[in-house]
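Worksheet for the structure shown next.
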Amino acid sequence: MDALSGAGPRRARGRLGAASPGARAAGAPWARFSAWLECVCVVTFDLELGQALELVYPSDFRLTDKEKSSICYLSFPDSHSGCLGDTQFSFRIRQCGGQRSPWHAEDRRYDSGAPVSLQREPAHYFGYVYFRQVKDSSVKRGYFQKSLVLVSRLPFVRLFQALLSLIAPEYFDKLAPCLEAVCNEIDQWPAPVPGQTLNLPVMGVVLQNLLPAPVVLTSVHELDLFRCFQPVLTHVQTLWELMLLGEPLVVLAPSPAMSSEMVLALISCLQPLKFCCDYRPYFTIHDSEFKEFTTRTQAPPNVVLGVTNPFFIKTLQHWPHILRVGEPKMSGDLPKQVKLKKPSRLKTLDTKPGLYTAYSAHLHRDKALLKRLLKGLQKKRPWDTQTALLRRHLLELTQSFIIPLEHYMASLMPLQKSITPWKTPPQIRPFRQDDFLRSLEHAGPQLTCILKGDWLGLYRRFFKSPHFDGWYRQRYKEMAHKLEALHLEAICEAQNIEAWMKDKSEVEVVDLVLKLREKLVQAQGHQLPVKEATLRQAQLYIETVIGSLPKDLQAVLCPP
């Protein structure tokens, strides 16, 4: 993303927080602001209270007590991190009050065009944090400690970090008036639109960001993958498999910045597949889900946890995979790599960096990739080029794994010629795992991927994971909508509806009206992929059919 010189900040418009937080209609106050952010929070350190919420903008945005507590604790690095100066990181929390605000049309339009991995979170908030801790003799504790937090449902980590790096230093110097002006500027931004370049003016600069088109992955959300994965490059394949299978994983890092970047980098490994498990880029012992995640009375949940407190090594010893990373250190050409270690080697105190797991990767390591990355380091190739290499490798790996599933799923769709106007459309055939595994012999990942290994074993484990369930439900829903759309088109292309009605009872005719109306409502809500001409024809058919019925039935179907 580029920061280009541009127009200065607009004047603040009226009192902050004049809107009702529940209303998200497109014309309401703060509607444009809420297309990007839920609210902006300021968290400070109070000698008597500890971390405390100092400000929330808009001022009447409702956060539950649990959400406020989570934001306060997660906005400060814990005492083990020792972060002096400025640091940026992110967290993700469960929304506690249910979906309080209705989504307006702009939200639905964005989600319908965005890749699944970049759609709005329906039940979680992201917190993007800029924390400052500097010596200050005017403060009792001797330190100025404050965090500026952007709370959003959008996973645009790079965009919001860039925004924070512009507004937070200014805010820490000038406080509330500056923040008010910024919030008013964001309330002037156009809503995010997939595939369009938007110029977003803030504080005298323009943030130019290309939002993701359905196929293209761009920089509003992408991290510097090579930098994030420096210490684990030799285990990228194993980590990709653990993410694909939705395995519980703890990332123990020296700082919230490192833990959150590593967690976000790990879950991005699966793009364009949606990450269907829970993940917490930064998690503390004060979190409201601490007991839920650390209980030993049941199997560890399918969560990727980023932590900085070594206490978690003891608390989460029963988790099957723990990745311990240290401060990044360059050693020779390739950054020093963490070693693969058995979980029994895990010590509760002074745990050395390593991937502690008993898991054996199904696929062989791609030595050619490591050689190319090493050669790039030796030739001092730019890091964004190294990241592009790594990202392309992971994308091709995910696609090679998913394409056979997509092909098999497509074969379960009824043939178009079997869809007739006046009969219920045929069913999508069931997904039979054994049939799919047999199909791999001719149409497996070996067609697009050179990696050898136990692909069948990986698919068998994948079938038991939340990601297979998430992928299958999404594809089944899309296919069912396509089937409904084809059926609607078949009805609308039928030449003579009057001839069909001749030998039908009133009950059958009314049933057709209700079904057509239901399909029409679905289609108008952008759930069915149909042309405008088909929608007009369907409306015409409904009017024709209703007109053929007795007056008393017409009155029931079309009340005044």
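Order determines the names: the first chain of the structure tokens is A, the second B, and so forth; residues in each chain are numbered 1 upward, and ligands are numbered 1 upward as they are shown.
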Sorted by chain and rising residue number, list the residues of segment 164-202 of chain A at most 12 Å from segment 125-132 of chain A (counting only C-alpha atoms), each with its closest atom pair and distance in Å to one decimal, as JSON lines.
```
{"residue": "A:Leu164", "atom": "CA", "partner": "A:Tyr130", "partner_atom": "CA", "distance": 6.4}
{"residue": "A:Ser165", "atom": "CA", "partner": "A:Tyr130", "partner_atom": "CA", "distance": 7.6}
{"residue": "A:Leu166", "atom": "CA", "partner": "A:Tyr130", "partner_atom": "CA", "distance": 10.4}
{"residue": "A:Ile167", "atom": "CA", "partner": "A:Tyr130", "partner_atom": "CA", "distance": 9.6}
{"residue": "A:Ala168", "atom": "CA", "partner": "A:Tyr130", "partner_atom": "CA", "distance": 6.6}
{"residue": "A:Pro169", "atom": "CA", "partner": "A:Arg132", "partner_atom": "CA", "distance": 8.8}
{"residue": "A:Glu170", "atom": "CA", "partner": "A:Tyr130", "partner_atom": "CA", "distance": 11.8}
{"residue": "A:Tyr171", "atom": "CA", "partner": "A:Tyr130", "partner_atom": "CA", "distance": 10.8}
{"residue": "A:Phe172", "atom": "CA", "partner": "A:Arg132", "partner_atom": "CA", "distance": 8.4}
{"residue": "A:Asp173", "atom": "CA", "partner": "A:Arg132", "partner_atom": "CA", "distance": 11.4}
```
Residues within 12 Å of Val139 of chain A, please, as number ranges by chain. Count only C-alpha atoms; anything in the same chain fewer than 4 positions from it doesn't count. A: 45-47, 133-135, 143-145
Output N, CA and C atoms for every residue in the selection just made, as an mmCIF file, in the first residue's frame.
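Result file follows (part-v5.cif):
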```
data_model
loop_
_atom_site.group_PDB
_atom_site.id
_atom_site.type_symbol
_atom_site.label_atom_id
_atom_site.label_comp_id
_atom_site.auth_asym_id
_atom_site.auth_seq_id
_atom_site.Cartn_x
_atom_site.Cartn_y
_atom_site.Cartn_z
ATOM 1 N N PHE A 45 -3.136 2.905 31.351
ATOM 2 C CA PHE A 45 -2.832 2.180 32.591
ATOM 3 C C PHE A 45 -3.160 3.071 33.774
ATOM 4 N N ASP A 46 -4.068 2.571 34.624
ATOM 5 C CA ASP A 46 -4.474 3.307 35.819
ATOM 6 C C ASP A 46 -3.868 2.617 37.034
ATOM 7 N N LEU A 47 -3.235 3.386 37.926
ATOM 8 C CA LEU A 47 -2.548 2.791 39.089
ATOM 9 C C LEU A 47 -3.483 1.969 39.971
ATOM 10 N N GLN A 133 4.962 2.719 25.201
ATOM 11 C CA GLN A 133 5.456 2.738 26.587
ATOM 12 C C GLN A 133 6.793 3.472 26.599
ATOM 13 N N VAL A 134 6.798 4.676 27.190
ATOM 14 C CA VAL A 134 8.040 5.468 27.256
ATOM 15 C C VAL A 134 8.185 6.049 28.661
ATOM 16 N N LYS A 135 9.418 6.314 29.037
ATOM 17 C CA LYS A 135 9.662 6.909 30.358
ATOM 18 C C LYS A 135 9.048 8.295 30.408
ATOM 19 N N TYR A 143 6.230 5.866 33.821
ATOM 20 C CA TYR A 143 6.080 5.489 32.409
ATOM 21 C C TYR A 143 4.745 5.961 31.850
ATOM 22 N N PHE A 144 4.787 6.449 30.604
ATOM 23 C CA PHE A 144 3.566 6.719 29.845
ATOM 24 C C PHE A 144 3.203 5.403 29.156
ATOM 25 N N GLN A 145 2.000 4.870 29.416
ATOM 26 C CA GLN A 145 1.567 3.606 28.811
ATOM 27 C C GLN A 145 0.159 3.781 28.257
#
```
Could I get the residues of segment 40-136 of chain A with an atom no further than 8 Å from an atom of segment 276-291 of chain A, each paired with its nearest atom pair and that distance in Å to one decimal, using only C-alpha atoms, sorted by chain and residue number, as CSV?
```
residue,atom,partner,partner_atom,distance
A:Lys66,CA,A:Ser288,CA,7.3
A:Ser70,CA,A:Asp287,CA,6.0
A:Tyr73,CA,A:His286,CA,6.7
A:Leu74,CA,A:Phe283,CA,7.0
A:Asp78,CA,A:Thr284,CA,7.7
A:Ser90,CA,A:Pro281,CA,6.3
A:Phe91,CA,A:Pro281,CA,5.1
A:Arg92,CA,A:Arg280,CA,5.4
A:Ile93,CA,A:Arg280,CA,7.4
```
Which residue out of A:Leu520, A:Val510, A:Ala181, A:Ala533 has the minimum interatomic distance to Gly547 of chain A when only C-alpha atoms are used? A:Val510
Skip Phe468 of chain A itself and residues of its chain fewer than 2 positions away, then list as a short mmCIF file (atom, residue, chain, number, x, y, z; two decimals) with all heavy atoms, in the first residue's frame all residues within 12 Å of it, counting only C-alpha atoms.
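Writing the result to around-v5.cif gives the following:
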```
data_model
loop_
_atom_site.label_atom_id
_atom_site.label_comp_id
_atom_site.auth_asym_id
_atom_site.auth_seq_id
_atom_site.Cartn_x
_atom_site.Cartn_y
_atom_site.Cartn_z
N MET A 243 -2.28 -26.71 9.76
CA MET A 243 -3.34 -25.73 9.53
C MET A 243 -4.48 -26.34 8.71
O MET A 243 -5.66 -26.16 9.03
CB MET A 243 -2.80 -24.49 8.79
CG MET A 243 -1.79 -23.65 9.57
SD MET A 243 -2.47 -22.99 11.11
CE MET A 243 -1.75 -24.10 12.29
N LEU A 244 -4.13 -27.08 7.68
CA LEU A 244 -5.13 -27.72 6.81
C LEU A 244 -6.03 -28.66 7.62
O LEU A 244 -7.24 -28.73 7.41
CB LEU A 244 -4.42 -28.52 5.71
CG LEU A 244 -5.31 -29.19 4.67
CD1 LEU A 244 -5.93 -28.17 3.73
CD2 LEU A 244 -4.51 -30.23 3.86
N LEU A 245 -5.44 -29.36 8.57
CA LEU A 245 -6.17 -30.34 9.37
C LEU A 245 -6.85 -29.71 10.59
O LEU A 245 -7.52 -30.40 11.36
CB LEU A 245 -5.23 -31.47 9.82
CG LEU A 245 -4.56 -32.24 8.67
CD1 LEU A 245 -3.56 -33.24 9.22
CD2 LEU A 245 -5.60 -32.94 7.80
N GLY A 246 -6.66 -28.40 10.77
CA GLY A 246 -7.31 -27.69 11.88
C GLY A 246 -6.82 -28.15 13.24
O GLY A 246 -7.56 -28.18 14.22
N LEU A 273 -8.54 -21.11 0.54
CA LEU A 273 -9.45 -21.85 1.41
C LEU A 273 -9.73 -21.03 2.66
O LEU A 273 -8.81 -20.44 3.22
CB LEU A 273 -8.80 -23.19 1.79
CG LEU A 273 -9.67 -24.28 2.40
CD1 LEU A 273 -10.73 -24.74 1.41
CD2 LEU A 273 -8.83 -25.44 2.85
N LYS A 274 -10.99 -21.01 3.09
CA LYS A 274 -11.33 -20.26 4.30
C LYS A 274 -10.83 -21.01 5.53
O LYS A 274 -11.02 -22.21 5.64
CB LYS A 274 -12.84 -20.06 4.40
CG LYS A 274 -13.23 -19.21 5.59
CD LYS A 274 -14.71 -18.97 5.67
CE LYS A 274 -15.03 -18.07 6.85
NZ LYS A 274 -16.46 -17.77 6.95
N PHE A 275 -10.20 -20.28 6.46
CA PHE A 275 -9.76 -20.88 7.72
C PHE A 275 -10.99 -20.96 8.63
O PHE A 275 -11.53 -19.94 9.05
CB PHE A 275 -8.65 -20.03 8.36
CG PHE A 275 -7.97 -20.72 9.50
CD1 PHE A 275 -6.96 -21.64 9.27
CD2 PHE A 275 -8.37 -20.48 10.81
CE1 PHE A 275 -6.34 -22.31 10.32
CE2 PHE A 275 -7.76 -21.14 11.87
CZ PHE A 275 -6.74 -22.05 11.62
N CYS A 276 -11.47 -22.18 8.88
CA CYS A 276 -12.75 -22.36 9.58
C CYS A 276 -12.63 -22.56 11.09
O CYS A 276 -13.63 -22.67 11.78
CB CYS A 276 -13.49 -23.57 8.99
SG CYS A 276 -13.92 -23.34 7.27
N CYS A 277 -11.40 -22.65 11.60
CA CYS A 277 -11.22 -22.85 13.04
C CYS A 277 -11.09 -21.50 13.74
O CYS A 277 -10.95 -20.46 13.09
CB CYS A 277 -9.97 -23.68 13.31
SG CYS A 277 -10.01 -25.28 12.51
N PHE A 401 -4.28 -29.47 -3.66
CA PHE A 401 -5.04 -30.31 -2.72
C PHE A 401 -6.54 -30.16 -2.95
O PHE A 401 -7.30 -31.13 -2.89
CB PHE A 401 -4.69 -29.92 -1.28
CG PHE A 401 -5.33 -30.79 -0.24
CD1 PHE A 401 -4.75 -32.00 0.13
CD2 PHE A 401 -6.52 -30.43 0.37
CE1 PHE A 401 -5.34 -32.83 1.08
CE2 PHE A 401 -7.12 -31.23 1.33
CZ PHE A 401 -6.53 -32.44 1.68
N ILE A 402 -7.00 -28.92 -3.22
CA ILE A 402 -8.44 -28.64 -3.31
C ILE A 402 -9.03 -28.97 -4.69
O ILE A 402 -10.19 -29.40 -4.78
CB ILE A 402 -8.71 -27.15 -2.95
CG1 ILE A 402 -8.43 -26.90 -1.46
CG2 ILE A 402 -10.13 -26.72 -3.30
CD1 ILE A 402 -9.34 -27.66 -0.50
N LEU A 405 -10.90 -32.19 -5.10
CA LEU A 405 -12.15 -32.13 -4.33
C LEU A 405 -13.22 -31.34 -5.11
O LEU A 405 -14.38 -31.74 -5.17
CB LEU A 405 -11.91 -31.47 -2.97
CG LEU A 405 -11.18 -32.31 -1.92
CD1 LEU A 405 -10.58 -31.42 -0.84
CD2 LEU A 405 -12.11 -33.33 -1.28
N GLU A 406 -12.79 -30.22 -5.72
CA GLU A 406 -13.71 -29.39 -6.51
C GLU A 406 -14.25 -30.19 -7.71
O GLU A 406 -15.44 -30.14 -8.01
CB GLU A 406 -13.00 -28.12 -7.02
CG GLU A 406 -12.57 -27.16 -5.92
CD GLU A 406 -13.70 -26.30 -5.39
OE1 GLU A 406 -14.84 -26.41 -5.90
OE2 GLU A 406 -13.46 -25.52 -4.45
N PHE A 431 -21.72 -36.93 -1.16
CA PHE A 431 -20.25 -37.02 -1.25
C PHE A 431 -19.82 -38.33 -0.60
O PHE A 431 -19.99 -38.53 0.59
CB PHE A 431 -19.63 -35.83 -0.51
CG PHE A 431 -18.14 -35.68 -0.72
CD1 PHE A 431 -17.64 -34.64 -1.50
CD2 PHE A 431 -17.24 -36.57 -0.15
CE1 PHE A 431 -16.27 -34.50 -1.70
CE2 PHE A 431 -15.88 -36.44 -0.34
CZ PHE A 431 -15.39 -35.40 -1.13
N GLN A 433 -16.77 -40.58 0.35
CA GLN A 433 -15.32 -40.44 0.51
C GLN A 433 -14.54 -41.52 -0.24
O GLN A 433 -13.51 -41.24 -0.86
CB GLN A 433 -14.97 -40.45 2.00
CG GLN A 433 -15.50 -39.23 2.73
CD GLN A 433 -15.23 -39.25 4.22
OE1 GLN A 433 -14.44 -40.05 4.71
NE2 GLN A 433 -15.88 -38.36 4.96
N LEU A 458 -3.44 -37.93 3.89
CA LEU A 458 -3.74 -36.53 4.22
C LEU A 458 -5.21 -36.22 3.98
O LEU A 458 -5.87 -35.57 4.79
CB LEU A 458 -2.84 -35.60 3.37
CG LEU A 458 -2.86 -34.12 3.74
CD1 LEU A 458 -2.47 -33.87 5.18
CD2 LEU A 458 -1.92 -33.32 2.82
N TYR A 459 -5.77 -36.73 2.84
CA TYR A 459 -7.20 -36.52 2.58
C TYR A 459 -8.06 -37.20 3.65
O TYR A 459 -9.06 -36.64 4.10
CB TYR A 459 -7.59 -37.07 1.19
CG TYR A 459 -7.23 -36.15 0.04
CD1 TYR A 459 -6.26 -36.48 -0.89
CD2 TYR A 459 -7.88 -34.92 -0.11
CE1 TYR A 459 -5.93 -35.64 -1.95
CE2 TYR A 459 -7.57 -34.06 -1.17
CZ TYR A 459 -6.59 -34.43 -2.08
OH TYR A 459 -6.27 -33.57 -3.11
N ARG A 460 -7.66 -38.41 4.07
CA ARG A 460 -8.45 -39.13 5.08
C ARG A 460 -8.52 -38.33 6.39
O ARG A 460 -9.57 -38.24 7.02
CB ARG A 460 -7.84 -40.52 5.34
CG ARG A 460 -8.18 -41.52 4.25
CD ARG A 460 -7.90 -42.95 4.68
NE ARG A 460 -8.16 -43.86 3.59
CZ ARG A 460 -7.23 -44.35 2.77
NH1 ARG A 460 -5.96 -44.03 2.96
NH2 ARG A 460 -7.55 -45.18 1.79
N ARG A 461 -7.39 -37.74 6.77
CA ARG A 461 -7.40 -36.91 7.99
C ARG A 461 -8.17 -35.61 7.78
O ARG A 461 -8.85 -35.11 8.67
CB ARG A 461 -5.97 -36.60 8.45
CG ARG A 461 -5.34 -37.77 9.20
CD ARG A 461 -4.10 -37.39 9.96
NE ARG A 461 -4.34 -36.54 11.12
CZ ARG A 461 -3.48 -36.41 12.12
NH1 ARG A 461 -2.34 -37.09 12.11
NH2 ARG A 461 -3.73 -35.62 13.14
N PHE A 462 -8.08 -35.07 6.56
CA PHE A 462 -8.77 -33.82 6.22
C PHE A 462 -10.29 -34.00 6.34
O PHE A 462 -11.00 -33.09 6.79
CB PHE A 462 -8.40 -33.40 4.79
CG PHE A 462 -9.08 -32.15 4.31
CD1 PHE A 462 -8.77 -30.91 4.83
CD2 PHE A 462 -10.06 -32.21 3.31
CE1 PHE A 462 -9.40 -29.75 4.39
CE2 PHE A 462 -10.70 -31.05 2.85
CZ PHE A 462 -10.36 -29.83 3.39
N PHE A 463 -10.80 -35.19 5.97
CA PHE A 463 -12.24 -35.44 6.05
C PHE A 463 -12.77 -35.30 7.48
O PHE A 463 -13.95 -35.05 7.69
CB PHE A 463 -12.58 -36.84 5.53
CG PHE A 463 -12.44 -36.98 4.04
CD1 PHE A 463 -11.97 -38.17 3.47
CD2 PHE A 463 -12.78 -35.94 3.19
CE1 PHE A 463 -11.84 -38.30 2.10
CE2 PHE A 463 -12.65 -36.07 1.81
CZ PHE A 463 -12.18 -37.25 1.26
N LYS A 464 -11.90 -35.48 8.47
CA LYS A 464 -12.33 -35.38 9.89
C LYS A 464 -12.15 -33.97 10.43
O LYS A 464 -12.43 -33.71 11.60
CB LYS A 464 -11.50 -36.35 10.75
CG LYS A 464 -11.70 -37.81 10.39
CD LYS A 464 -10.70 -38.69 11.13
CE LYS A 464 -10.73 -40.12 10.60
NZ LYS A 464 -9.58 -40.89 11.05
N SER A 465 -11.65 -33.04 9.61
CA SER A 465 -11.30 -31.71 10.12
C SER A 465 -12.43 -30.70 9.90
O SER A 465 -13.27 -30.88 9.02
CB SER A 465 -10.04 -31.19 9.42
OG SER A 465 -10.38 -30.69 8.12
N PRO A 466 -12.43 -29.61 10.68
CA PRO A 466 -13.43 -28.55 10.48
C PRO A 466 -13.33 -27.91 9.09
O PRO A 466 -14.31 -27.37 8.59
CB PRO A 466 -13.09 -27.52 11.56
CG PRO A 466 -12.25 -28.25 12.56
CD PRO A 466 -11.53 -29.31 11.81
N GLY A 470 -16.35 -27.14 6.61
CA GLY A 470 -16.59 -25.76 6.16
C GLY A 470 -16.60 -25.66 4.65
O GLY A 470 -17.47 -25.01 4.05
N TRP A 471 -15.61 -26.31 4.00
CA TRP A 471 -15.52 -26.28 2.53
C TRP A 471 -16.75 -26.95 1.91
O TRP A 471 -17.38 -26.40 1.00
CB TRP A 471 -14.24 -26.99 2.07
CG TRP A 471 -14.20 -27.20 0.59
CD1 TRP A 471 -13.81 -26.30 -0.36
CD2 TRP A 471 -14.61 -28.38 -0.14
NE1 TRP A 471 -13.93 -26.84 -1.62
CE2 TRP A 471 -14.43 -28.11 -1.50
CE3 TRP A 471 -15.11 -29.62 0.25
CZ2 TRP A 471 -14.73 -29.04 -2.50
CZ3 TRP A 471 -15.41 -30.55 -0.73
CH2 TRP A 471 -15.22 -30.27 -2.09
N TYR A 472 -17.12 -28.13 2.43
CA TYR A 472 -18.24 -28.88 1.86
C TYR A 472 -19.56 -28.11 2.00
O TYR A 472 -20.34 -28.01 1.04
CB TYR A 472 -18.35 -30.25 2.53
CG TYR A 472 -19.54 -31.05 2.03
CD1 TYR A 472 -19.51 -31.65 0.76
CD2 TYR A 472 -20.70 -31.15 2.79
CE1 TYR A 472 -20.62 -32.35 0.29
CE2 TYR A 472 -21.80 -31.85 2.32
CZ TYR A 472 -21.76 -32.45 1.08
OH TYR A 472 -22.84 -33.13 0.60
N ARG A 473 -19.81 -27.55 3.18
CA ARG A 473 -21.05 -26.79 3.39
C ARG A 473 -21.15 -25.61 2.42
O ARG A 473 -22.21 -25.33 1.87
CB ARG A 473 -21.11 -26.26 4.82
CG ARG A 473 -21.50 -27.32 5.84
CD ARG A 473 -21.30 -26.77 7.26
NE ARG A 473 -21.49 -27.77 8.26
CZ ARG A 473 -22.64 -28.00 8.89
NH1 ARG A 473 -23.69 -27.28 8.59
NH2 ARG A 473 -22.73 -28.94 9.80
N GLN A 474 -20.03 -24.90 2.26
CA GLN A 474 -20.01 -23.73 1.37
C GLN A 474 -20.27 -24.15 -0.08
O GLN A 474 -21.08 -23.54 -0.78
CB GLN A 474 -18.66 -23.01 1.48
CG GLN A 474 -18.49 -21.78 0.60
CD GLN A 474 -19.45 -20.65 0.94
OE1 GLN A 474 -19.88 -20.52 2.07
NE2 GLN A 474 -19.80 -19.83 -0.05
N ARG A 475 -19.59 -25.21 -0.54
CA ARG A 475 -19.77 -25.67 -1.92
C ARG A 475 -21.18 -26.21 -2.14
O ARG A 475 -21.80 -25.97 -3.17
CB ARG A 475 -18.73 -26.76 -2.27
CG ARG A 475 -17.31 -26.27 -2.31
CD ARG A 475 -17.05 -25.24 -3.41
NE ARG A 475 -17.08 -25.83 -4.72
CZ ARG A 475 -17.97 -25.52 -5.66
NH1 ARG A 475 -18.91 -24.62 -5.41
NH2 ARG A 475 -17.94 -26.08 -6.84
N TYR A 476 -21.69 -26.96 -1.14
CA TYR A 476 -23.05 -27.52 -1.27
C TYR A 476 -24.08 -26.39 -1.37
O TYR A 476 -25.00 -26.43 -2.19
CB TYR A 476 -23.37 -28.40 -0.06
CG TYR A 476 -24.67 -29.17 -0.22
CD1 TYR A 476 -24.67 -30.44 -0.79
CD2 TYR A 476 -25.89 -28.61 0.17
CE1 TYR A 476 -25.87 -31.13 -0.97
CE2 TYR A 476 -27.08 -29.29 -0.01
CZ TYR A 476 -27.07 -30.56 -0.57
OH TYR A 476 -28.25 -31.24 -0.76
#
```
Residue among A:Leu159, A:Arg324, A:Arg227, A:Val42 lying closest to Pro382 of chain A, counting only C-alpha atoms: A:Arg227
I want to know what sits within 6 Å of Leu528 of chain A, based on only C-alpha atoms, with residues of the same chain fewer than 4 positions away left out; could you give that as number ranges by chain? A: 481, 485, 523
For N, CA, C and O atoms, I'd like the residues from the last selection saved as a CSV table (one decimal), in the first residue's frame.
```
chain,number,residue,atom,x,y,z
A,481,HIS,N,-27.9,-23.4,-4.6
A,481,HIS,CA,-28.4,-22.1,-5.2
A,481,HIS,C,-28.3,-22.1,-6.7
A,481,HIS,O,-29.3,-21.6,-7.4
A,485,ALA,N,-31.5,-21.7,-9.3
A,485,ALA,CA,-31.4,-20.7,-10.3
A,485,ALA,C,-31.7,-21.4,-11.7
A,485,ALA,O,-32.5,-20.9,-12.5
A,523,ALA,N,-33.5,-14.7,-5.1
A,523,ALA,CA,-32.7,-14.1,-6.2
A,523,ALA,C,-32.4,-12.6,-6.0
A,523,ALA,O,-31.3,-12.1,-6.3
```
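Atom CA of Trp383 of chain A to atom CA of Leu233 of chain A spans 13.9 Å [interatomic distance, one decimal].
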List every residue of segment 254-315 of chain A that DSSP, applied to the backbone of this structure, places in strand (DSSP E), and write the result as a VMD selection string. chain A and resid 278 to 280 303 to 307
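Considering the residues A:Tyr110, A:Phe312, A:Phe89, A:Tyr408 and counting only C-alpha atoms, Val157 of chain A has its shortest atom-to-atom contact with A:Phe89.
Counting only C-alpha atoms and comparing A:Leu266, A:Leu198, A:Val303, A:Cys449, the residue that lies closest to Pro248 of chain A is A:Val303.
The residue that comes closest to Ile267 of chain A, out of A:Ile186, A:Val509, A:Leu49, A:Leu249 and on the basis of only C-alpha atoms, is A:Leu249.
Considering only C-alpha atoms, the residue among A:Asp224, A:Cys83, A:Ala31, A:Leu397 positioned nearest to Ala257 of chain A is A:Cys83.
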Show which residues sit within 9 Å of Leu440 of chain A, as an NGL selection string. Count only C-alpha atoms, and ignore same-chain residues fewer than 6 positions away. :A and (404 or 446 or 456)
Could you turn the residues from that selection into a file that holds all heavy atoms, as a PDB file, in the first residue's frame?
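Written file, result15.pdb:
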```pdb
ATOM      1  N   PRO A 404      -8.816 -31.498  -6.870  1.00  0.00           N
ATOM      2  CA  PRO A 404      -9.497 -32.793  -7.008  1.00  0.00           C
ATOM      3  C   PRO A 404     -10.834 -32.841  -6.256  1.00  0.00           C
ATOM      4  O   PRO A 404     -11.803 -33.445  -6.728  1.00  0.00           O
ATOM      5  CB  PRO A 404      -8.495 -33.791  -6.405  1.00  0.00           C
ATOM      6  CG  PRO A 404      -7.167 -33.124  -6.537  1.00  0.00           C
ATOM      7  CD  PRO A 404      -7.445 -31.668  -6.346  1.00  0.00           C
ATOM      8  N   GLN A 446      -1.300 -35.167  -7.923  1.00  0.00           N
ATOM      9  CA  GLN A 446      -0.048 -35.403  -8.654  1.00  0.00           C
ATOM     10  C   GLN A 446      -0.056 -34.750 -10.037  1.00  0.00           C
ATOM     11  O   GLN A 446       0.992 -34.548 -10.649  1.00  0.00           O
ATOM     12  CB  GLN A 446       0.243 -36.917  -8.782  1.00  0.00           C
ATOM     13  CG  GLN A 446      -0.657 -37.697  -9.721  1.00  0.00           C
ATOM     14  CD  GLN A 446      -1.993 -38.107  -9.095  1.00  0.00           C
ATOM     15  OE1 GLN A 446      -2.294 -37.710  -7.980  1.00  0.00           O
ATOM     16  NE2 GLN A 446      -2.780 -38.885  -9.812  1.00  0.00           N
ATOM     17  N   LEU A 456      -3.217 -39.692   0.068  1.00  0.00           N
ATOM     18  CA  LEU A 456      -4.453 -40.353   0.503  1.00  0.00           C
ATOM     19  C   LEU A 456      -4.645 -40.239   2.015  1.00  0.00           C
ATOM     20  O   LEU A 456      -5.744 -39.953   2.494  1.00  0.00           O
ATOM     21  CB  LEU A 456      -4.452 -41.833   0.094  1.00  0.00           C
ATOM     22  CG  LEU A 456      -5.252 -42.163  -1.168  1.00  0.00           C
ATOM     23  CD1 LEU A 456      -4.555 -41.620  -2.406  1.00  0.00           C
ATOM     24  CD2 LEU A 456      -5.456 -43.662  -1.302  1.00  0.00           C
TER      25      LEU A 456
END
```
Could you jot down the atom CA of Leu486 of chain A to atom CA of Asp511 of chain A separation for me, Å, one decimal place? 18.8 Å
Excluding Leu55 of chain A and its own-chain neighbours fewer than 6 positions away, which residues fall within 10 Å of it when counting only C-alpha atoms? Please give them as a PyMOL selection string. chain A and resi 40-44+148+176
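Computed from the coordinates, the atom CA of Phe311 of chain A to atom CA of Thr294 of chain A distance equals 11.5 Å.
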